[in-house]
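J.: Provided below: protein10.txt, containing compact mmCIF, C-alpha atoms.
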```
# COMPACT_ATOMS: atom_id res chain seq x y z
CA MET F 1 -8.55 -12.70 7.87
CA ILE F 2 -6.80 -9.46 6.98
CA LYS F 3 -3.34 -9.50 5.40
CA SER F 4 -0.46 -7.06 5.54
CA MET F 5 0.93 -5.63 2.30
CA THR F 6 4.58 -5.75 3.37
CA ALA F 7 6.47 -9.03 3.02
CA PHE F 8 9.49 -10.74 1.46
CA GLY F 9 9.70 -14.09 -0.29
CA ARG F 10 12.51 -16.05 -1.90
CA ALA F 11 12.58 -19.38 -3.72
CA GLU F 12 15.07 -21.43 -5.70
CA ASN F 13 14.45 -24.25 -8.16
CA ILE F 14 17.13 -26.39 -9.83
CA VAL F 15 16.12 -28.23 -12.99
CA GLU F 16 18.51 -30.03 -15.35
CA GLY F 17 21.52 -28.03 -14.25
CA ARG F 18 19.71 -24.70 -14.43
CA THR F 19 19.05 -22.73 -11.22
CA TYR F 20 16.08 -20.36 -11.02
CA THR F 21 16.14 -17.87 -8.16
CA VAL F 22 13.17 -15.60 -7.47
CA GLU F 23 13.17 -12.82 -4.88
CA MET F 24 9.99 -10.89 -4.23
CA ARG F 25 9.47 -7.81 -2.06
CA CYS F 26 6.00 -6.39 -1.33
CA LEU F 27 5.49 -2.82 -0.12
CA ASN F 28 2.52 -0.61 0.68
CA GLY F 29 0.66 0.77 -2.32
CA ARG F 30 -2.76 2.05 -3.21
CA TYR F 31 -3.02 -0.18 -6.27
CA CYS F 32 -1.41 -3.40 -7.48
CA GLU F 33 1.88 -2.46 -9.17
CA ILE F 34 4.21 -5.24 -10.27
CA SER F 35 7.77 -4.58 -11.40
CA VAL F 36 9.82 -7.45 -12.87
CA ARG F 37 13.59 -7.63 -13.46
CA MET F 38 14.86 -10.71 -15.27
CA PRO F 39 17.21 -11.94 -18.04
CA HIS F 40 16.47 -10.55 -21.48
CA ARG F 41 15.72 -13.94 -23.03
CA LEU F 42 12.85 -14.45 -20.55
CA LEU F 43 11.16 -11.11 -21.23
CA PRO F 44 8.36 -12.69 -23.32
CA LEU F 45 7.18 -14.32 -20.07
CA GLU F 46 6.71 -11.01 -18.27
CA ASP F 47 2.94 -10.83 -18.79
CA ARG F 48 2.50 -14.38 -17.52
CA ILE F 49 4.57 -13.56 -14.44
CA LYS F 50 2.49 -10.47 -13.65
CA LYS F 51 -0.77 -12.40 -14.04
CA LEU F 52 0.51 -15.13 -11.73
CA VAL F 53 1.53 -12.60 -9.07
CA ALA F 54 -1.72 -10.62 -9.46
CA SER F 55 -3.72 -13.82 -8.86
CA LYS F 56 -2.30 -13.89 -5.32
CA ILE F 57 -1.72 -10.20 -4.55
CA SER F 58 -4.42 -7.63 -5.21
CA ARG F 59 -2.93 -4.49 -3.63
CA GLY F 60 0.54 -3.06 -3.04
CA ARG F 61 3.81 -2.66 -4.91
CA VAL F 62 5.64 -5.86 -5.83
CA ASP F 63 9.29 -5.85 -6.88
CA LEU F 64 10.25 -9.22 -8.37
CA THR F 65 13.80 -10.18 -9.38
CA VAL F 66 14.63 -13.30 -11.39
CA LYS F 67 18.11 -14.83 -11.73
CA VAL F 68 18.98 -17.80 -13.90
CA LYS F 69 22.27 -19.69 -13.78
CA GLY F 70 23.53 -22.66 -15.75
CA GLY F 71 21.70 -24.49 -18.49
CA SER F 72 21.73 -22.85 -21.89
CA GLN F 73 23.82 -19.96 -20.60
CA SER F 74 26.91 -22.13 -21.13
CA ASP F 75 25.90 -22.76 -24.72
CA VAL F 76 26.44 -19.19 -25.87
CA GLU F 77 27.82 -19.00 -29.42
CA ILE F 78 30.42 -16.47 -30.54
CA GLU F 79 29.93 -14.96 -33.99
CA VAL F 80 32.66 -13.06 -35.86
CA ASN F 81 31.65 -10.51 -38.49
CA LEU F 82 34.62 -11.05 -40.81
CA PRO F 83 33.46 -8.67 -43.60
CA LEU F 84 33.06 -5.89 -41.07
CA ALA F 85 36.50 -6.63 -39.59
CA LYS F 86 38.08 -6.44 -43.05
CA ALA F 87 36.33 -3.15 -43.74
CA TYR F 88 37.59 -1.72 -40.44
CA TYR F 89 41.11 -2.95 -41.19
CA LYS F 90 41.15 -1.43 -44.67
CA THR F 91 39.81 1.91 -43.41
CA LEU F 92 42.32 2.08 -40.55
CA ALA F 93 45.21 1.16 -42.86
CA GLU F 94 44.19 3.91 -45.30
CA LEU F 95 43.94 6.37 -42.42
CA ASN F 96 47.47 5.47 -41.23
CA GLU F 97 48.86 5.99 -44.72
CA ALA F 98 47.05 9.32 -45.18
CA LEU F 99 48.30 10.64 -41.86
CA GLY F 100 51.79 9.20 -42.18
CA ILE F 101 51.40 6.93 -39.19
CA GLU F 102 53.72 3.94 -39.28
CA GLU F 103 51.86 2.00 -36.61
CA LYS F 104 50.31 -1.20 -37.95
CA VAL F 105 46.69 -2.07 -37.42
CA GLY F 106 46.66 -4.99 -34.99
CA LEU F 107 44.06 -7.41 -33.63
CA GLU F 108 43.78 -5.47 -30.36
CA THR F 109 42.67 -2.38 -32.28
CA LEU F 110 40.10 -4.34 -34.28
CA LEU F 111 38.65 -5.91 -31.15
CA GLY F 112 37.83 -2.43 -29.90
CA MET F 113 35.55 -1.84 -32.87
CA GLU F 114 31.83 -2.38 -32.44
CA LYS F 115 29.93 -5.47 -33.63
CA ILE F 116 32.95 -7.43 -34.84
CA ILE F 117 32.47 -10.11 -32.18
CA THR F 118 28.94 -10.87 -30.91
CA ALA F 119 27.80 -13.34 -28.27
CA ILE F 120 24.61 -15.10 -29.38
CA GLU F 121 22.48 -16.90 -26.83
CA PRO F 122 20.48 -19.88 -28.06
CA GLU F 123 16.77 -19.28 -28.48
CA GLU F 124 14.86 -20.07 -25.29
CA ASP F 125 12.15 -22.71 -25.37
CA LEU F 126 9.75 -20.64 -23.27
CA GLU F 127 6.96 -23.22 -23.19
CA LYS F 128 9.40 -25.76 -21.76
CA THR F 129 10.89 -23.21 -19.35
CA TRP F 130 7.61 -21.85 -17.98
CA PRO F 131 6.47 -24.80 -15.78
CA ASP F 132 9.74 -24.94 -13.82
CA PHE F 133 10.03 -21.17 -13.73
CA SER F 134 6.43 -20.57 -12.62
CA SER F 135 6.83 -23.22 -9.91
CA CYS F 136 9.67 -21.17 -8.43
CA ILE F 137 7.53 -18.01 -8.52
CA SER F 138 4.66 -19.86 -6.82
CA ASP F 139 7.00 -21.01 -4.04
CA ALA F 140 8.11 -17.41 -3.46
CA LEU F 141 4.46 -16.31 -3.38
CA GLU F 142 3.74 -18.92 -0.71
CA GLY F 143 6.48 -17.40 1.44
CA ILE F 144 5.06 -13.94 0.80
CA ASP F 145 1.56 -15.06 1.74
CA ALA F 146 2.71 -16.69 4.98
CA MET F 147 4.47 -13.50 6.08
CA ARG F 148 1.51 -11.31 5.11
CA ILE F 149 -0.87 -13.50 7.10
CA SER F 150 1.42 -13.44 10.14
CA GLU F 151 1.71 -9.65 10.08
CA GLY F 152 -2.02 -9.40 9.40
CA LYS F 153 -2.75 -11.27 12.62
CA ALA F 154 -0.67 -8.78 14.58
CA VAL F 155 -2.54 -5.87 12.98
CA TYR F 156 -5.86 -7.62 13.70
CA ARG F 157 -5.04 -7.86 17.42
CA ASP F 158 -4.11 -4.17 17.45
CA PHE F 159 -7.38 -3.30 15.71
CA GLN F 160 -9.40 -5.19 18.32
CA LYS F 161 -7.72 -3.34 21.17
CA ARG F 162 -8.13 0.10 19.60
CA LEU F 163 -11.69 -0.49 18.40
CA GLN F 164 -12.66 -1.41 21.95
CA SER F 165 -11.10 1.83 23.15
CA VAL F 166 -13.07 3.82 20.54
CA GLU F 167 -16.31 2.06 21.48
CA ASP F 168 -15.72 2.77 25.17
CA GLY F 169 -15.08 6.43 24.34
CA LEU F 170 -18.28 6.72 22.30
CA LEU F 171 -20.22 5.08 25.13
CA ARG F 172 -18.98 7.74 27.54
CA VAL F 173 -19.95 10.44 25.04
CA LYS F 174 -23.38 8.86 24.69
CA GLU F 175 -23.87 8.85 28.46
CA LEU F 176 -22.81 12.49 28.69
CA ALA F 177 -25.05 13.71 25.84
CA PRO F 178 -28.34 14.11 27.85
CA SER F 179 -26.69 16.25 30.50
CA ILE F 180 -25.26 18.52 27.78
CA SER F 181 -28.74 19.30 26.45
CA SER F 182 -30.01 20.13 29.93
CA GLN F 183 -27.17 22.62 30.43
CA TYR F 184 -28.31 24.89 27.58
CA HIS F 185 -31.17 26.42 29.57
CA ASP F 186 -28.95 27.51 32.47
CA ARG F 187 -26.15 28.62 30.15
CA LEU F 188 -28.49 30.77 28.04
CA ARG F 189 -30.07 32.36 31.13
CA GLU F 190 -26.64 33.24 32.56
CA ARG F 191 -25.45 34.72 29.26
CA ILE F 192 -28.52 36.90 28.78
CA ALA F 193 -28.42 38.03 32.40
CA ALA F 194 -24.77 39.00 32.01
CA LEU F 195 -25.47 40.99 28.82
CA THR F 196 -28.49 42.86 30.29
CA GLU F 197 -26.97 43.17 33.75
CA GLY F 198 -30.27 41.98 35.21
CA THR F 199 -32.30 44.98 33.99
CA ILE F 200 -34.63 42.90 31.84
CA GLU F 201 -36.96 40.26 33.21
CA LEU F 202 -36.71 37.09 31.13
CA ASP F 203 -39.77 35.34 29.71
CA PRO F 204 -39.51 31.72 30.94
CA ASN F 205 -41.38 30.34 27.90
CA ARG F 206 -39.23 32.22 25.40
CA LEU F 207 -36.09 31.17 27.27
CA ALA F 208 -37.18 27.55 27.18
CA GLN F 209 -37.87 27.78 23.43
CA GLU F 210 -34.44 29.23 22.66
CA ALA F 211 -32.70 26.72 24.89
CA ALA F 212 -34.59 23.87 23.18
CA PHE F 213 -33.62 25.25 19.77
CA LEU F 214 -29.94 25.36 20.68
CA ALA F 215 -30.08 21.93 22.25
CA ASP F 216 -31.67 20.51 19.10
CA LYS F 217 -28.94 22.06 16.91
CA SER F 218 -26.32 20.52 19.15
CA ASP F 219 -27.93 17.10 19.43
CA ILE F 220 -25.36 14.39 18.65
CA THR F 221 -27.62 11.35 18.78
CA GLU F 222 -27.57 10.72 15.02
CA GLU F 223 -23.79 11.04 14.84
CA ILE F 224 -23.35 8.56 17.68
CA VAL F 225 -25.70 6.06 16.01
CA ARG F 226 -23.85 6.33 12.69
CA ALA F 227 -20.45 6.05 14.39
CA GLU F 228 -21.58 2.89 16.20
CA SER F 229 -22.80 1.47 12.88
CA HIS F 230 -19.45 2.22 11.22
CA LEU F 231 -17.59 0.48 14.05
CA LYS F 232 -19.81 -2.57 13.66
CA GLN F 233 -19.08 -2.66 9.92
CA PHE F 234 -15.35 -2.25 10.60
CA ARG F 235 -15.34 -5.27 12.90
CA SER F 236 -17.26 -7.30 10.32
CA MET F 237 -14.80 -6.39 7.54
CA ILE F 238 -11.68 -7.40 9.44
CA GLU F 239 -13.28 -10.81 10.03
CA SER F 240 -14.11 -11.36 6.35
CA GLU F 241 -12.02 -13.10 3.70
CA GLY F 242 -10.44 -11.22 0.82
CA PRO F 243 -8.88 -7.76 0.46
CA THR F 244 -10.55 -5.10 2.64
CA GLY F 245 -7.94 -2.33 2.88
CA ARG F 246 -9.66 0.20 0.60
CA ALA F 247 -13.08 -0.39 2.17
CA LEU F 248 -11.62 -0.01 5.66
CA ASP F 249 -9.92 3.21 4.64
CA PHE F 250 -13.19 4.66 3.33
CA LEU F 251 -15.14 3.52 6.39
CA LEU F 252 -12.56 5.09 8.67
CA GLN F 253 -12.95 8.42 6.86
CA GLU F 254 -16.69 8.29 7.50
CA LEU F 255 -16.12 7.40 11.14
CA ASN F 256 -13.73 10.33 11.55
CA ARG F 257 -16.31 12.64 10.01
CA GLU F 258 -18.95 11.62 12.57
CA VAL F 259 -16.55 12.03 15.48
CA ASN F 260 -15.46 15.47 14.25
CA THR F 261 -19.13 16.53 14.04
CA ILE F 262 -19.73 15.29 17.58
CA GLY F 263 -16.82 17.42 18.77
CA SER F 264 -17.98 20.55 16.93
CA LYS F 265 -21.62 20.23 18.07
CA GLY F 266 -20.98 19.24 21.66
CA GLY F 267 -19.75 22.54 23.03
CA ASN F 268 -18.64 20.92 26.27
CA ALA F 269 -15.07 20.78 27.61
CA ARG F 270 -15.45 17.30 29.04
CA LEU F 271 -16.97 15.98 25.82
CA SER F 272 -14.17 17.62 23.81
CA GLN F 273 -11.59 15.71 25.84
CA MET F 274 -13.43 12.45 25.14
CA VAL F 275 -13.55 13.24 21.41
CA VAL F 276 -9.81 13.97 21.32
CA ALA F 277 -9.11 10.59 22.95
CA VAL F 278 -11.31 8.82 20.38
CA LYS F 279 -9.68 10.66 17.47
CA THR F 280 -6.24 9.68 18.75
CA GLU F 281 -7.19 6.01 18.61
CA LEU F 282 -8.75 6.44 15.16
CA GLU F 283 -5.54 8.00 13.85
CA LYS F 284 -3.55 4.99 15.06
CA ILE F 285 -6.06 2.70 13.36
CA ARG F 286 -5.74 4.75 10.16
CA GLU F 287 -1.96 4.24 10.16
CA GLN F 288 -2.46 0.49 10.40
CA VAL F 289 -5.12 0.45 7.67
CA GLN F 290 -2.57 1.86 5.21
CA ASN F 291 -0.71 -1.45 5.54
CA ILE F 292 -3.71 -3.70 4.90
CA GLU F 293 -4.29 -5.36 1.52
```
Render the structure in this file as structure tokens.
T.:
Amino acid sequence: MIKSMTAFGRAENIVEGRTYTVEMRCLNGRYCEISVRMPHRLLPLEDRIKKLVASKISRGRVDLTVKVKGGSQSDVEIEVNLPLAKAYYKTLAELNEALGIEEKVGLETLLGMEKIITAIEPEEDLEKTWPDFSSCISDALEGIDAMRISEGKAVYRDFQKRLQSVEDGLLRVKELAPSISSQYHDRLRERIAALTEGTIELDPNRLAQEAAFLADKSDITEEIVRAESHLKQFRSMIESEGPTGRALDFLLQELNREVNTIGSKGGNARLSQMVVAVKTELEKIREQVQNIE
């Protein structure tokens, strides 16, 4: 069953006072692009996260945001760089004396200096964190998958309706094709008669040869057969398991090429109208294919 590329998933997991929150947004994309935003101390897990997401999503852009509250965040240690503070104090005092400034160097001034006070987070036990963290990501992926399947079903129903319309249009073109070939003889005779104003007697055999030549050049049988084959493949692909978006896109390009050739070779106003109707449906299918994984 086909799946949509657009979806949203969210999951939360609370373990030992720590809350993991994962939000995931999937958008259309030609390839699989995964962007992760998370706390700095969890950055070493980024590759694992991307591999986990890629195991479930093969195409599209994925924006994943991780938030962590509680747990070791409350155990942050504050470190004071006393030697640096003394150096700052001495330098500022000397500067006051050199410039004749009577203002004393206070604690507020020192606190504005860089790297005097540093907050140090405890080292994260990533191997202990990963099982709980990955479980939260998996839950979000389940939500994503459910939404993608649901939207995929809607696209599938739309495909079925439009494919039937395309097949009906090609059937009408196929039925019209024989009559188009038979028209070339009369059309060629009328054109030659108009150019010569009836002063030249036409050779029936030569006229038949030329008409047959033009009819052969304008024959659309092969294009119709290939277009029908492409439609059959398209239906088969949307019934199959696994990602099919790229293959459907390519197949649709080939189908459009055959229909365009039919329109250019037909040379008939009625057939041209049928081709335009088919191309309109194919364009709507193409728009939907861009959203398929």
J.: If we count all atoms listed in the file, what is near range 137-152 of chain F at a cut-off of 12 Å, once residues fewer than 6 positions away on the same chain are taken out, given as a count of residues only?
T.: 58
J.: Every residue with an atom at most 12 Å from (24.2, -9.0, -28.2) (file coordinates; all atoms listed in the file) is what I'm after, so could you write them as a PyMOL selection string?
T.: chain F and resi 40-41+76-79+114-122
J.: Would you write out those residues with C-alpha atoms, as a PDB file, keeping the file's coordinate frame?
T.:
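Now in again_15.pdb:
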```pdb
ATOM      1  CA  HIS F  40      16.470 -10.550 -21.480  1.00  0.00           C
ATOM      2  CA  ARG F  41      15.720 -13.940 -23.030  1.00  0.00           C
ATOM      3  CA  VAL F  76      26.440 -19.190 -25.870  1.00  0.00           C
ATOM      4  CA  GLU F  77      27.820 -19.000 -29.420  1.00  0.00           C
ATOM      5  CA  ILE F  78      30.420 -16.470 -30.540  1.00  0.00           C
ATOM      6  CA  GLU F  79      29.930 -14.960 -33.990  1.00  0.00           C
ATOM      7  CA  GLU F 114      31.830  -2.380 -32.440  1.00  0.00           C
ATOM      8  CA  LYS F 115      29.930  -5.470 -33.630  1.00  0.00           C
ATOM      9  CA  ILE F 116      32.950  -7.430 -34.840  1.00  0.00           C
ATOM     10  CA  ILE F 117      32.470 -10.110 -32.180  1.00  0.00           C
ATOM     11  CA  THR F 118      28.940 -10.870 -30.910  1.00  0.00           C
ATOM     12  CA  ALA F 119      27.800 -13.340 -28.270  1.00  0.00           C
ATOM     13  CA  ILE F 120      24.610 -15.100 -29.380  1.00  0.00           C
ATOM     14  CA  GLU F 121      22.480 -16.900 -26.830  1.00  0.00           C
ATOM     15  CA  PRO F 122      20.480 -19.880 -28.060  1.00  0.00           C
TER      16      PRO F 122
END
```
J.: For the atom pair CA of Ala277 in chain F and CA of Gly169 in chain F, what is the interatomic distance in Å to one decimal place?
T.: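 Computed distance, CA of Ala277 in chain F to CA of Gly169 in chain F, equals 7.4 Å.
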J.: Nearest residue to Val15 in chain F out of F:Val105, F:Cys136, F:Leu170, F:Leu176, using all atoms listed in the file?
T.: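 Checking each of F:Val105, F:Cys136, F:Leu170, F:Leu176 against Val15 in chain F, counting all atoms listed in the file, the winner is F:Cys136.
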J.: Identify which of the residues F:Val278, F:Ala227, F:Ile285, F:Ala154 lies closest to Leu248 in chain F, counting all atoms listed in the file when measuring atom-to-atom distances.
T.: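 With all atoms listed in the file as the atom set, the closest residue is F:Ile285.
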J.: Between CA of Ser240 in chain F and CA of Leu252 in chain F, what is the spacing in Å?
T.: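 Separating CA of Leu252 in chain F from CA of Ser240 in chain F is a distance of 16.7 Å.
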J.: The centre and edge lengths of an axis-aligned box containing all atoms of range 284-289 of chain F present in the file, extended by 4 Å on each side, are to be given in Å to one decimal, as JSON.
T.:
```
{"center_x": -4.0, "center_y": 2.7, "center_z": 11.4, "size_x": 12.1, "size_y": 12.5, "size_z": 15.4}
```
J.: Name the closest residue to Gln164 in chain F among the candidates F:Ile224, F:Cys32, F:Leu231, F:Ala269; distances are taken between atoms, counting all atoms listed in the file.
T.: F:Leu231
J.: Around the point (-15.7, 5.7, 4.6) in the file's coordinates, collect all residues with an atom within 12 Å, using all atoms listed in the file, and return them as a list in words.
T.: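 Residues close enough to count: Arg226, Ala227, Ser229, His230, Leu231, Gln233, Phe234, Gly245, Arg246, Ala247, Leu248, Asp249, Phe250, Leu251, Leu252, Gln253, Glu254, Leu255, Asn256, Arg257, Glu258 and Arg286 of chain F.
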J.: Enter the distance from CA of Ala85 in chain F to CA of Leu99 in chain F, in Å, rounded to one decimal.
T.: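 CA of Leu99 in chain F lies at a distance of 21.0 Å from CA of Ala85 in chain F.
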J.: Please determine, counting all atoms listed in the file, which residue among F:Leu271, F:Ala93, F:Leu45, F:Val68 has the shortest atom-to-atom distance to Arg172 in chain F.
T.: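 Once distances to Arg172 in chain F are computed over all atoms listed in the file, the minimum belongs to F:Leu271.
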J.: Please determine, counting all atoms listed in the file, which residue among F:Leu42, F:Arg235, F:Tyr88, F:Gly17 has the shortest atom-to-atom distance to Gln160 in chain F.
T.: F:Arg235
